[in-house]
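For reference, entry-v9.txt (compact mmCIF, C-alpha atoms):
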# COMPACT_ATOMS: atom_id res chain seq x y z
CA MET A 1 -92.67 10.96 -54.21
CA ASN A 2 -93.47 9.34 -57.57
CA ILE A 3 -94.58 5.75 -58.17
CA LYS A 4 -91.06 4.51 -58.96
CA GLN A 5 -89.69 5.93 -55.72
CA THR A 6 -92.56 4.46 -53.72
CA LEU A 7 -92.12 1.05 -55.31
CA LEU A 8 -88.39 1.08 -54.53
CA ASN A 9 -89.18 2.05 -50.93
CA THR A 10 -91.63 -0.84 -50.73
CA LEU A 11 -89.10 -3.34 -52.09
CA ALA A 12 -86.45 -2.05 -49.67
CA GLU A 13 -88.79 -2.42 -46.70
CA ALA A 14 -89.39 -6.07 -47.71
CA LYS A 15 -85.65 -6.70 -47.00
CA GLY A 16 -85.20 -9.30 -49.72
CA GLY A 17 -88.61 -10.93 -49.34
CA TYR A 18 -91.25 -11.15 -52.02
CA ILE A 19 -94.25 -8.85 -51.96
CA SER A 20 -97.27 -9.58 -54.12
CA GLY A 21 -98.33 -7.38 -56.99
CA ALA A 22 -101.74 -7.02 -55.37
CA ALA A 23 -100.22 -5.83 -52.09
CA ILE A 24 -98.01 -3.34 -53.92
CA ALA A 25 -100.94 -2.08 -55.99
CA GLU A 26 -103.03 -1.56 -52.85
CA LYS A 27 -100.24 0.26 -51.06
CA LEU A 28 -99.51 2.50 -54.03
CA GLY A 29 -103.17 3.02 -54.92
CA VAL A 30 -102.67 1.94 -58.53
CA SER A 31 -103.60 -1.03 -60.73
CA ARG A 32 -101.52 -4.22 -60.90
CA ASN A 33 -100.80 -3.37 -64.52
CA ALA A 34 -99.36 -0.04 -63.39
CA VAL A 35 -97.15 -1.94 -60.93
CA TRP A 36 -95.91 -4.18 -63.74
CA LYS A 37 -95.13 -1.16 -65.94
CA THR A 38 -93.26 0.50 -63.09
CA VAL A 39 -91.20 -2.63 -62.48
CA LYS A 40 -90.23 -2.63 -66.17
CA ALA A 41 -89.31 1.06 -65.97
CA LEU A 42 -87.08 0.37 -62.97
CA GLU A 43 -85.37 -2.44 -64.87
CA VAL A 44 -84.61 0.02 -67.66
CA ASP A 45 -83.04 2.28 -65.01
CA GLY A 46 -80.66 -0.55 -64.07
CA PHE A 47 -82.41 -2.26 -61.14
CA ILE A 48 -82.74 -6.04 -61.21
CA ILE A 49 -86.13 -7.19 -59.91
CA ASP A 50 -87.14 -10.84 -59.50
CA SER A 51 -90.71 -11.71 -60.48
CA VAL A 52 -92.22 -15.08 -59.50
CA THR A 53 -95.80 -16.16 -60.12
CA SER A 54 -97.81 -16.45 -56.87
CA LYS A 55 -95.00 -14.77 -54.92
CA GLY A 56 -94.71 -11.35 -56.47
CA TYR A 57 -91.69 -9.10 -56.74
CA ARG A 58 -88.46 -8.58 -54.88
CA LEU A 59 -85.25 -6.69 -55.46
CA SER A 60 -82.77 -9.26 -56.76
CA GLU A 61 -79.62 -10.02 -54.80
CA ALA A 62 -77.82 -9.41 -58.10
CA SER A 63 -79.07 -5.82 -58.24
CA ASN A 64 -76.18 -3.47 -57.56
CA LYS A 65 -77.50 0.01 -58.28
CA LEU A 66 -77.24 2.63 -55.55
CA SER A 67 -80.45 4.49 -54.76
CA ALA A 68 -81.58 6.90 -52.07
CA ASP A 69 -85.00 5.26 -52.27
CA LEU A 70 -83.48 1.91 -51.26
CA ILE A 71 -81.28 3.38 -48.52
CA ALA A 72 -83.76 5.70 -46.77
CA PRO A 73 -86.25 3.03 -45.54
CA LEU A 74 -83.42 1.18 -43.77
CA ILE A 75 -82.07 4.17 -41.83
CA GLU A 76 -82.76 4.22 -38.09
CA THR A 77 -81.08 7.53 -37.26
CA SER A 78 -82.47 10.70 -35.77
CA ARG A 79 -80.61 13.15 -38.04
CA LEU A 80 -77.94 11.46 -40.13
CA GLY A 81 -79.37 10.79 -43.58
CA CYS A 82 -82.09 13.46 -43.29
CA GLN A 83 -81.30 14.21 -46.94
CA ILE A 84 -79.59 11.76 -49.29
CA GLN A 85 -78.29 12.58 -52.75
CA VAL A 86 -77.01 9.73 -54.94
CA TYR A 87 -74.98 10.27 -58.12
CA ASP A 88 -73.83 7.85 -60.79
CA GLU A 89 -70.61 9.86 -61.17
CA ILE A 90 -69.09 12.87 -59.45
CA ASP A 91 -65.62 14.35 -59.09
CA SER A 92 -65.55 14.03 -55.31
CA THR A 93 -68.36 13.62 -52.78
CA ASN A 94 -66.37 15.74 -50.31
CA ASN A 95 -66.11 18.56 -52.86
CA LEU A 96 -69.87 18.64 -53.37
CA ALA A 97 -70.59 18.31 -49.64
CA LYS A 98 -68.37 21.30 -48.86
CA MET A 99 -70.11 23.34 -51.56
CA LEU A 100 -73.52 22.42 -50.16
CA THR A 101 -72.55 23.61 -46.67
CA SER A 102 -72.34 27.16 -48.04
CA GLN A 103 -75.89 26.74 -49.34
CA GLY A 104 -77.20 25.94 -45.88
CA TYR A 105 -77.69 22.21 -46.22
CA PRO A 106 -78.40 20.78 -42.77
CA HIS A 107 -76.50 18.53 -40.43
CA GLY A 108 -76.92 14.94 -41.54
CA THR A 109 -77.02 15.54 -45.31
CA VAL A 110 -75.38 12.64 -47.15
CA ILE A 111 -73.79 12.60 -50.62
CA ILE A 112 -73.19 9.17 -52.20
CA ALA A 113 -71.61 8.33 -55.55
CA ASP A 114 -71.23 5.16 -57.58
CA ARG A 115 -67.99 6.52 -59.05
CA GLN A 116 -65.59 9.37 -58.30
CA THR A 117 -63.28 10.83 -60.92
CA GLU A 118 -61.16 12.75 -58.39
CA GLY A 119 -61.55 10.78 -55.16
CA ARG A 120 -58.90 11.57 -52.59
CA GLY A 121 -57.63 10.51 -49.20
CA ARG A 122 -55.40 12.07 -46.54
CA MET A 123 -52.41 14.20 -47.49
CA GLY A 124 -53.80 14.70 -51.00
CA ARG A 125 -53.42 11.06 -52.02
CA SER A 126 -55.86 9.78 -54.62
CA PHE A 127 -58.59 7.30 -53.71
CA VAL A 128 -59.33 5.03 -56.67
CA SER A 129 -63.14 4.96 -57.03
CA PRO A 130 -64.32 2.69 -59.87
CA ALA A 131 -68.00 2.31 -60.75
CA GLY A 132 -70.13 -0.54 -59.47
CA THR A 133 -67.73 -1.67 -56.76
CA GLY A 134 -67.67 0.79 -53.89
CA ILE A 135 -69.49 3.22 -51.65
CA TYR A 136 -68.19 6.77 -51.81
CA MET A 137 -70.03 8.78 -49.20
CA SER A 138 -69.70 12.18 -47.55
CA LEU A 139 -71.56 13.44 -44.49
CA ILE A 140 -72.26 17.08 -43.73
CA LEU A 141 -71.99 17.66 -39.98
CA ARG A 142 -72.59 20.82 -38.01
CA PRO A 143 -71.28 19.69 -34.62
CA GLU A 144 -72.01 21.60 -31.47
CA TYR A 145 -68.84 20.68 -29.60
CA GLY A 146 -65.52 22.55 -29.42
CA LEU A 147 -62.45 22.39 -31.59
CA ASP A 148 -60.67 20.05 -29.16
CA CYS A 149 -63.10 17.31 -30.23
CA ALA A 150 -62.47 17.73 -33.96
CA PRO A 151 -59.50 15.31 -34.15
CA LEU A 152 -61.68 12.57 -32.66
CA MET A 153 -64.28 12.59 -35.42
CA THR A 154 -62.28 10.45 -37.86
CA SER A 155 -61.59 7.82 -35.22
CA ALA A 156 -65.23 7.68 -34.19
CA ALA A 157 -66.31 7.36 -37.81
CA ALA A 158 -63.84 4.50 -38.31
CA CYS A 159 -65.55 2.60 -35.49
CA GLY A 160 -68.91 3.03 -37.17
CA VAL A 161 -67.66 1.84 -40.56
CA ALA A 162 -65.83 -1.14 -39.04
CA GLU A 163 -68.81 -2.27 -36.99
CA ALA A 164 -71.20 -1.98 -39.94
CA ILE A 165 -68.95 -4.05 -42.20
CA GLU A 166 -68.32 -6.63 -39.49
CA GLU A 167 -72.03 -7.13 -38.81
CA MET A 168 -72.74 -7.68 -42.50
CA CYS A 169 -69.82 -9.96 -43.36
CA GLY A 170 -69.17 -11.75 -40.06
CA THR A 171 -65.40 -11.25 -40.39
CA HIS A 172 -63.38 -9.36 -37.78
CA VAL A 173 -62.63 -5.85 -38.99
CA MET A 174 -59.65 -3.84 -37.77
CA ILE A 175 -58.66 -0.16 -37.88
CA LYS A 176 -55.19 1.04 -38.83
CA TRP A 177 -54.55 4.35 -37.11
CA VAL A 178 -55.89 6.72 -37.90
CA ASN A 179 -58.37 6.37 -40.72
CA ASP A 180 -58.09 3.03 -42.57
CA VAL A 181 -60.35 0.02 -42.11
CA TYR A 182 -58.80 -3.41 -42.68
CA ILE A 183 -59.86 -7.01 -43.30
CA HIS A 184 -57.23 -9.77 -43.20
CA GLY A 185 -54.41 -7.23 -43.12
CA LYS A 186 -55.49 -5.25 -46.19
CA LYS A 187 -57.33 -1.97 -46.55
CA VAL A 188 -61.02 -1.99 -47.54
CA SER A 189 -61.95 1.54 -46.49
CA GLY A 190 -60.47 4.99 -45.96
CA ILE A 191 -61.87 8.07 -44.22
CA LEU A 192 -61.10 11.75 -44.85
CA THR A 193 -62.40 14.48 -42.53
CA GLU A 194 -62.31 18.12 -43.57
CA ALA A 195 -63.52 20.95 -41.36
CA SER A 196 -64.09 24.71 -41.31
CA LEU A 197 -63.56 26.80 -38.20
CA GLY A 198 -66.17 29.19 -36.86
CA LEU A 199 -65.47 32.93 -36.84
CA GLU A 200 -64.71 32.96 -33.13
CA MET A 201 -62.30 30.01 -33.58
CA LYS A 202 -63.94 28.18 -30.72
CA ILE A 203 -66.30 25.87 -32.55
CA LEU A 204 -66.52 24.07 -35.86
CA ASP A 205 -68.58 25.81 -38.51
CA PHE A 206 -68.99 22.46 -40.25
CA ALA A 207 -67.22 19.19 -40.88
CA VAL A 208 -67.38 16.88 -43.87
CA ILE A 209 -66.51 13.22 -43.35
CA GLY A 210 -65.72 11.37 -46.55
CA ILE A 211 -65.81 7.57 -46.52
CA GLY A 212 -64.75 5.21 -49.29
CA VAL A 213 -65.47 1.49 -48.99
CA ASN A 214 -64.44 -1.17 -51.51
CA VAL A 215 -67.45 -3.50 -51.46
CA ARG A 216 -67.51 -5.59 -54.64
CA SER A 217 -64.46 -7.24 -56.22
CA VAL A 218 -61.67 -4.89 -57.32
CA LYS A 219 -59.29 -7.55 -58.65
CA ASP A 220 -59.44 -6.13 -62.18
CA LYS A 221 -59.80 -2.49 -61.07
CA PHE A 222 -56.57 -1.80 -59.16
CA ASP A 223 -53.01 -1.81 -60.46
CA SER A 224 -50.45 -4.18 -58.95
CA ASP A 225 -49.05 -1.61 -56.49
CA LEU A 226 -52.48 -0.73 -55.10
CA SER A 227 -53.54 -4.39 -55.02
CA ARG A 228 -50.73 -5.15 -52.58
CA ILE A 229 -52.24 -2.93 -49.91
CA ALA A 230 -55.94 -2.59 -50.79
CA THR A 231 -58.71 -5.09 -51.31
CA SER A 232 -62.50 -5.30 -51.14
CA ILE A 233 -65.01 -6.95 -48.85
CA GLU A 234 -65.97 -9.42 -51.59
CA ASP A 235 -62.37 -10.31 -52.40
CA GLU A 236 -61.69 -11.10 -48.74
CA THR A 237 -64.97 -12.76 -47.75
CA ASP A 238 -66.56 -13.98 -51.04
CA LEU A 239 -69.70 -12.04 -50.06
CA LYS A 240 -71.47 -9.77 -52.54
CA LEU A 241 -72.94 -7.32 -50.06
CA ASP A 242 -75.87 -5.12 -51.01
CA ARG A 243 -74.34 -1.66 -51.22
CA ASN A 244 -77.61 0.06 -50.32
CA VAL A 245 -78.01 -2.02 -47.17
CA LEU A 246 -74.39 -1.35 -46.20
CA CYS A 247 -74.90 2.39 -46.76
CA ALA A 248 -77.85 2.39 -44.39
CA LYS A 249 -76.07 0.28 -41.78
CA MET A 250 -73.04 2.56 -41.90
CA LEU A 251 -75.21 5.64 -41.38
CA ASN A 252 -76.88 3.97 -38.39
CA LYS A 253 -73.52 3.09 -36.85
CA LEU A 254 -71.92 6.42 -37.73
CA GLU A 255 -74.57 8.36 -35.86
CA LYS A 256 -74.09 6.08 -32.86
CA TYR A 257 -70.33 6.64 -32.70
CA LEU A 258 -70.24 10.30 -33.73
CA ASP A 259 -72.60 10.99 -30.83
CA MET A 260 -69.84 9.65 -28.57
CA VAL A 261 -67.16 12.13 -29.72
CA GLU A 262 -67.59 14.66 -26.93
CA SER A 263 -67.65 12.00 -24.19
CA LYS A 264 -64.84 10.03 -25.89
CA SER A 265 -66.72 6.87 -24.95
CA PHE A 266 -65.99 5.31 -28.35
CA LEU A 267 -62.25 5.07 -27.63
CA ASP A 268 -62.40 1.62 -26.00
CA GLU A 269 -64.01 0.28 -29.19
CA TYR A 270 -61.38 2.03 -31.28
CA ARG A 271 -58.54 0.63 -29.20
CA SER A 272 -59.95 -2.90 -29.43
CA ARG A 273 -59.78 -2.72 -33.23
CA GLU A 274 -56.56 -0.74 -33.73
CA LEU A 275 -53.97 -2.98 -35.44
CA LEU A 276 -50.69 -1.06 -35.08
CA THR A 277 -50.56 -1.33 -31.28
CA GLY A 278 -47.86 -3.73 -30.09
CA ASN A 279 -46.04 -3.76 -33.42
CA VAL A 280 -42.84 -2.18 -34.66
CA ILE A 281 -43.80 0.61 -37.02
CA THR A 282 -42.23 3.33 -39.14
CA THR A 283 -43.80 6.73 -39.65
CA ASP A 284 -43.04 9.90 -41.57
CA VAL A 285 -43.11 13.06 -39.45
CA GLY A 286 -42.05 16.40 -40.87
CA GLY A 287 -39.96 14.76 -43.56
CA GLU A 288 -38.22 12.47 -41.07
CA THR A 289 -38.79 8.72 -40.88
CA LEU A 290 -39.12 7.44 -37.32
CA LYS A 291 -39.06 3.82 -36.17
CA GLY A 292 -40.47 2.52 -32.91
CA ILE A 293 -43.13 0.45 -31.19
CA ALA A 294 -46.77 1.47 -31.28
CA MET A 295 -47.82 1.51 -27.62
CA GLY A 296 -51.50 2.41 -27.92
CA ILE A 297 -54.02 5.21 -28.39
CA ASP A 298 -54.31 8.08 -25.90
CA ASP A 299 -57.49 9.89 -24.88
CA ASN A 300 -57.18 12.33 -27.79
CA ALA A 301 -56.89 9.50 -30.34
CA ASN A 302 -53.18 10.15 -30.79
CA LEU A 303 -50.90 7.18 -31.45
CA ILE A 304 -48.30 6.67 -28.72
CA MET A 305 -44.96 5.55 -30.17
CA LYS A 306 -41.93 4.36 -28.20
CA LEU A 307 -38.68 5.37 -29.89
CA PRO A 308 -35.47 3.28 -29.65
CA ASN A 309 -34.10 5.64 -26.96
CA GLY A 310 -37.15 4.93 -24.79
CA GLN A 311 -38.81 8.28 -25.43
CA LEU A 312 -42.59 8.23 -25.85
CA LYS A 313 -43.86 10.33 -28.72
CA LYS A 314 -47.52 11.14 -29.34
CA LEU A 315 -48.45 11.33 -33.00
CA SER A 316 -51.46 13.36 -34.08
CA SER A 317 -53.36 12.63 -37.27
CA GLY A 318 -52.27 15.97 -38.67
CA GLU A 319 -48.61 15.32 -37.91
CA ALA A 320 -47.92 11.78 -39.14
CA SER A 321 -48.34 11.43 -42.90
CA LEU A 322 -47.95 7.66 -43.00
CA CYS A 323 -47.68 4.90 -40.43
CA ARG A 324 -46.89 1.36 -41.49
CA LEU A 325 -45.91 -1.93 -39.96
CA GLN A 326 -42.16 -2.54 -40.09
CA GLU A 327 -41.41 -5.13 -42.76
CA GLN A 328 -39.96 -8.30 -41.31

Hey, can you dump this file as structure tokens for me?
Amino acid sequence: MNIKQTLLNTLAEAKGGYISGAAIAEKLGVSRNAVWKTVKALEVDGFIIDSVTSKGYRLSEASNKLSADLIAPLIETSRLGCQIQVYDEIDSTNNLAKMLTSQGYPHGTVIIADRQTEGRGRMGRSFVSPAGTGIYMSLILRPEYGLDCAPLMTSAAACGVAEAIEEMCGTHVMIKWVNDVYIHGKKVSGILTEASLGLEMKILDFAVIGIGVNVRSVKDKFDSDLSRIATSIEDETDLKLDRNVLCAKMLNKLEKYLDMVESKSFLDEYRSRELLTGNVITTDVGGETLKGIAMGIDDNANLIMKLPNGQLKKLSSGEASLCRLQEQ
């Protein structure tokens, strides 16, 4: 680890507090002048660092650059985040994550981008991923449970994302079945899970969970159609969250909930946040539009829908291409 990485780690560990140049110099084993030069080098790289006489240095609240060196010290996981790669721009974090699985990258590897040029969601839809506003993250997982648990991974991940956002912004966060995270009735996050089956077709070879979160304001980034359904955490709460801190918190929560997949013990949390339940909805299934009442989530994370004739239909995430609240 070079001096810039170590200094970033040190600033991250201070969690917004000042740390003196002398203390940094002692920790890094360099002169105070070397610390000053490193701070200036980091500023050239795009980090904003506050410097106050008699207090020292801290990472400014205005700093908005993603960095593995700022995320890693805040992670409290056992395996998730064991390796973190951060890119200024990439076509798709899921694309790279899937490529890395063939190269033997371990369970818990995380790919994060500041911008995606070909971000995508479920059913091949695009996921608009402008620079400086969001978190675009993919996790490489090599789960040890059977195929029957695979459909539960997206729902478990949604719980982790929702809880992380809620703890940082203090606003209740909901989940729209199956993979969208909502604040005040508008989408702030989407999740895409892609998996490969093992040769014996009894276990997953690997899974990649892609997560996109709109963190900073997107008012001038989305077109009018997208703005009607999607928003950002800042636009809904007026909070400019630190994207690095949110990345770390999400990884901490994601490990917690993904560890519950086999036991299905996360489902009560999922049900408590799910926003379709109790509402009249429409959904597209096999080219047919169905209308009914969302009755709840079953033990396989399927959505239970009551049709006008009284029939109960269970919708799987692979079957229903779009579920939406019935317009009043």

In the coordinates of the file, take the point (-44.5, 7.7, -41.2) and a cut-off of 9 Å; then, counting only C-alpha atoms, name each qualifying protein, DNA or RNA residue as a PDB file with C-alpha atoms, in the frame of the given file.
ATOM      1  CA  ILE A 281     -43.800   0.610 -37.020  1.00  0.00           C
ATOM      2  CA  THR A 282     -42.230   3.330 -39.140  1.00  0.00           C
ATOM      3  CA  THR A 283     -43.800   6.730 -39.650  1.00  0.00           C
ATOM      4  CA  ASP A 284     -43.040   9.900 -41.570  1.00  0.00           C
ATOM      5  CA  VAL A 285     -43.110  13.060 -39.450  1.00  0.00           C
ATOM      6  CA  GLY A 287     -39.960  14.760 -43.560  1.00  0.00           C
ATOM      7  CA  GLU A 288     -38.220  12.470 -41.070  1.00  0.00           C
ATOM      8  CA  THR A 289     -38.790   8.720 -40.880  1.00  0.00           C
ATOM      9  CA  LEU A 290     -39.120   7.440 -37.320  1.00  0.00           C
ATOM     10  CA  LYS A 291     -39.060   3.820 -36.170  1.00  0.00           C
ATOM     11  CA  ALA A 320     -47.920  11.780 -39.140  1.00  0.00           C
ATOM     12  CA  SER A 321     -48.340  11.430 -42.900  1.00  0.00           C
ATOM     13  CA  LEU A 322     -47.950   7.660 -43.000  1.00  0.00           C
ATOM     14  CA  CYS A 323     -47.680   4.900 -40.430  1.00  0.00           C
ATOM     15  CA  ARG A 324     -46.890   1.360 -41.490  1.00  0.00           C
TER      16      ARG A 324
END

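Here atom CA of Ile175 of chain A stands at a distance of 7.0 Å from atom CA of Ala158 of chain A.
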
For Ser20 of chain A, list every protein, DNA or RNA residue within 8 Å, evaluated using only C-alpha atoms, and leave out those in the same chain fewer than 3 positions away; present the list as a count of residues only.
6

Minimum-distance residue to Val218 of chain A, chosen among A:Leu59, A:Ser129, A:Met137, A:Leu267 (using only C-alpha atoms):
A:Ser129

Centre and size of axis-aligned box enclosing segment 133-146 of chain A plus 8 Å each side, as AutoDock Vina command-line options:
--center_x -69.1 --center_y 10.4 --center_z -43.1 --size_x 23.1 --size_y 40.2 --size_z 43.3

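Distances here use all atoms listed in the file; by that measure, the residue among A:Ile229, A:Ile111, A:Ile49, A:Met174 closest to Gly210 of chain A is A:Ile111.
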
Fewer than 4 positions away in the same chain doesn't count, so skip those; otherwise give me all residues within 6 Å of Glu89 of chain A, counting only C-alpha atoms, as a VMD selection string.
chain A and resid 113 to 116

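The space separating atom CA of Val181 of chain A from atom CA of Gln311 of chain A comes to 28.5 Å.
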
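Of the listed residues (A:Asn64, A:Ser138, A:Gly212, A:Leu197), A:Ser138 comes nearest to Met99 of chain A; the distances count all atoms listed in the file.
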